[in-house]
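Student: Have a look at this one.
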Amino acid sequence: MFLAAAIALFISMVMVLTRLYAGPTVYDRVLALNSFGTLTVLFIAVLGFLSGRPDFLDIAILYALINFVGTIAILKFFRYRSLGDISQVPDKKGHDQ
Amino acid sequence: MVATVITVILFTMLVLTALAIVRIYSLFAVVMLSGVFSLLSALLFVALDAVDVAFTEAAVGAGISTVLMLGTIALTARTQKKATRSGFVPFVVVAVTGVALVYGTLDMPNFGDPTAPASMHVAPEYMTGSVKDIDVANVVTSILASYRGYDTLGETAVVFTAGIGVLVLLSGLGRRRREDEEEDA
């Protein structure tokens, strides 16, 4: 049962990697990285049950948090070209802000 | 058996990711792929039961360094320049180094071997003395925070200094000060 889940996760990982390699737009790649992070979380959970020691589930939850914050950081970076204080960013597209 | 298959599949994906990083010229895709690379190595560390190392790898490799690399791209260029020279000599150097490293692993003890020299020297002392000396049940914690406390303190200082340096470089402190001077003049 968990073996089937692991195989399914591997197949999805390969598909996500293909999308990440092929692109073509930036957003495909951001989404692919985010999906890969989610697959990592799921795989850690499945790995814990496969080896009979589901002690790492809380670690998997922490991975989910990192994944979320990382995606937000990347997207914010794309929107504002900076991670710092937004008010100091040169106003390139006036109608955006 | 299952663990070996999982490790082999993860390593295959790791190699494919590394090849993709070498092939792609769009630096943004390279940054995303390096995030995937460090997630995959974190998975490998989890498969080897090194959960703490895996967590550091995921936090630093997939989290912080992806964002730092994006910051670098914003300050420099978005695509890699085509190489003007042939990559034959670097390829030979890398291949020879890789073969030498693989040859070096042949003499190493098996994974989890209790009679390996590394687990014969001071490790038994740590394992038996952890609760008595330090009163911490988790041996990894007692080694990191007490037996090797100064070492950990030094590492933390190095990482902290590096972080401050990167923050100062990326915050544009120098640029802002120059602008202020121009306004004064």
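Residues are named by chain letter and number: chains run A, B, ... in the order of the structure tokens, numbers start at 1 in each chain, and ligands are numbered from 1 in the order shown.
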Tell me the residues of chain A close to chain B, meaning within 8 Å using only C-alpha atoms, as a tab-separated table (two decimals) with N, CA, C and O atoms, in the first residue's frame.

Tutor:
chain	number	residue	atom	x	y	z
A	14	VAL	N	9.06	12.81	-11.22
A	14	VAL	CA	9.68	12.86	-12.54
A	14	VAL	C	8.90	13.80	-13.45
A	14	VAL	O	9.48	14.60	-14.20
A	17	LEU	N	9.69	17.32	-12.49
A	17	LEU	CA	11.04	17.67	-12.94
A	17	LEU	C	11.04	17.98	-14.43
A	17	LEU	O	11.73	18.89	-14.88
A	20	LEU	N	9.73	21.37	-14.89
A	20	LEU	CA	10.71	22.34	-14.43
A	20	LEU	C	11.80	22.53	-15.48
A	20	LEU	O	12.28	23.64	-15.71
A	21	TYR	N	12.18	21.43	-16.15
A	21	TYR	CA	13.23	21.51	-17.16
A	21	TYR	C	12.69	22.21	-18.41
A	21	TYR	O	13.36	23.06	-18.99
A	23	GLY	N	10.04	24.21	-18.81
A	23	GLY	CA	9.50	25.57	-18.67
A	23	GLY	C	8.09	25.64	-19.20
A	23	GLY	O	7.27	24.87	-18.72
A	26	VAL	N	8.23	31.43	-16.43
A	26	VAL	CA	8.75	31.49	-15.07
A	26	VAL	C	7.76	30.86	-14.09
A	26	VAL	O	8.15	30.14	-13.16
A	29	ARG	N	7.79	27.20	-13.64
A	29	ARG	CA	8.91	26.72	-12.85
A	29	ARG	C	8.69	26.97	-11.37
A	29	ARG	O	9.03	26.12	-10.54
A	30	VAL	N	8.13	28.14	-11.03
A	30	VAL	CA	7.84	28.40	-9.61
A	30	VAL	C	6.86	27.36	-9.09
A	30	VAL	O	7.04	26.78	-8.01
A	33	LEU	N	8.54	24.01	-8.63
A	33	LEU	CA	9.35	23.93	-7.40
A	33	LEU	C	8.45	23.75	-6.19
A	33	LEU	O	8.72	22.93	-5.31
A	36	PHE	N	7.19	20.30	-6.12
A	36	PHE	CA	8.22	19.36	-5.70
A	36	PHE	C	8.41	19.40	-4.19
A	36	PHE	O	8.62	18.36	-3.57
A	37	GLY	N	8.31	20.60	-3.59
A	37	GLY	CA	8.39	20.68	-2.14
A	37	GLY	C	7.27	19.90	-1.47
A	37	GLY	O	7.48	19.17	-0.50
A	40	THR	N	7.99	16.34	-1.66
A	40	THR	CA	8.99	15.97	-0.66
A	40	THR	C	8.34	15.71	0.69
A	40	THR	O	8.65	14.71	1.36
A	44	ILE	N	8.44	12.13	2.62
A	44	ILE	CA	8.99	11.89	3.96
A	44	ILE	C	7.97	11.14	4.81
A	44	ILE	O	8.31	10.19	5.53
A	47	LEU	N	7.81	7.58	3.59
A	47	LEU	CA	9.05	6.88	3.96
A	47	LEU	C	9.01	6.45	5.42
A	47	LEU	O	9.44	5.34	5.76
A	56	PHE	N	8.91	10.87	11.88
A	56	PHE	CA	9.38	12.06	11.18
A	56	PHE	C	8.23	12.89	10.64
A	56	PHE	O	8.46	13.80	9.86
A	59	ILE	N	8.60	16.53	11.24
A	59	ILE	CA	9.61	17.11	10.35
A	59	ILE	C	8.97	17.44	9.00
A	59	ILE	O	9.22	18.50	8.42
A	63	TYR	N	8.78	20.97	6.84
A	63	TYR	CA	9.13	21.14	5.43
A	63	TYR	C	8.02	21.89	4.71
A	63	TYR	O	8.29	22.75	3.87
A	66	ILE	N	8.44	25.56	5.40
A	66	ILE	CA	9.55	26.15	4.65
A	66	ILE	C	9.16	26.35	3.19
A	66	ILE	O	9.42	27.39	2.59
A	67	ASN	N	8.48	25.35	2.65
A	67	ASN	CA	8.07	25.39	1.25
A	67	ASN	C	7.16	26.59	1.00
A	67	ASN	O	7.35	27.35	0.05
A	69	VAL	N	6.84	29.40	2.84
A	69	VAL	CA	7.54	30.67	2.99
A	69	VAL	C	8.45	30.93	1.80
A	69	VAL	O	8.53	32.05	1.28
A	70	GLY	N	9.12	29.86	1.32
A	70	GLY	CA	10.01	30.01	0.18
A	70	GLY	C	9.27	30.46	-1.06
A	70	GLY	O	9.72	31.36	-1.78
A	73	ALA	N	8.39	34.03	-0.80
A	73	ALA	CA	9.57	34.88	-0.99
A	73	ALA	C	9.87	35.02	-2.47
A	73	ALA	O	10.13	36.13	-2.95
A	74	ILE	N	9.83	33.90	-3.22
A	74	ILE	CA	10.15	33.95	-4.65
A	74	ILE	C	9.14	34.83	-5.38
A	74	ILE	O	9.50	35.69	-6.19
A	77	PHE	N	9.54	38.39	-4.62
A	77	PHE	CA	10.71	38.87	-5.33
A	77	PHE	C	10.36	39.25	-6.75
A	77	PHE	O	10.80	40.27	-7.27
A	81	ARG	N	10.93	42.91	-7.18
A	81	ARG	CA	12.36	42.85	-7.49
A	81	ARG	C	13.20	43.11	-6.26
A	81	ARG	O	14.33	43.58	-6.36
A	82	SER	N	12.68	42.89	-5.07
A	82	SER	CA	13.43	43.13	-3.85
A	82	SER	C	12.73	42.42	-2.71
A	82	SER	O	11.54	42.14	-2.80
A	84	GLY	N	13.32	43.59	0.59
A	84	GLY	CA	13.34	44.48	1.73
A	84	GLY	C	12.07	45.30	1.83
A	84	GLY	O	10.99	44.88	1.44

Student: I'd like the interatomic distance between CA of Leu144 in chain B and CA of Val53 in chain B, to a tenth of an Å.

Tutor: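 Computing the Euclidean distance for CA of Leu144 in chain B and CA of Val53 in chain B yields 12.6 Å.
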
Student: Enumerate as number ranges by chain all residues of chain B assigned to helix (DSSP H, G or I) by DSSP on the backbone, naming them with the chain letters and numbers the document uses.

Tutor: B: 2-23, 27-47, 51-75, 88-105, 117-119, 123-134, 139-147, 149-170, 173-184

Student: As a list in words, please: the residues near range 78-92 of chain B (cut-off 8 Å, only C-alpha atoms, same-chain neighbours under 6 positions excluded).

Tutor: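 Those residues are Tyr25, Ser26, Leu27 and Phe28 of chain B.
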
Student: Work out how far CA of Arg79 in chain A is from CA of Thr72 in chain B, in Å to one decimal.

Tutor: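 Calculated distance between CA of Thr72 in chain B and CA of Arg79 in chain A is 15.9 Å.
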
Student: Between CA of Glu155 in chain B and CA of Ala50 in chain B, what is the distance in Å, rounded to a tenth?

Tutor: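 Taking CA of Glu155 in chain B as the start and CA of Ala50 in chain B as the end point, the length is 19.0 Å.
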
Student: Give me, as a PyMOL selection string, all polymer residues having an atom no more than 12 Å from Met1 in chain B, counting only C-alpha atoms and skipping those fewer than 6 positions away in the same chain.

Tutor: (chain A and resi 50-51) or (chain B and resi 7-8)

Student: Would you list the contacts of range 114-124 of chain B as a list in words, taking every protein, DNA or RNA residue within 12 Å and counting only C-alpha atoms, but skipping same-chain residues closer than 5 positions in sequence?

Tutor: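 Counting only the stated atoms, we get Asp107, Met108, Pro109, Gly129, Ser130, Val139, Val140, Ile143 and Tyr147 of chain B.
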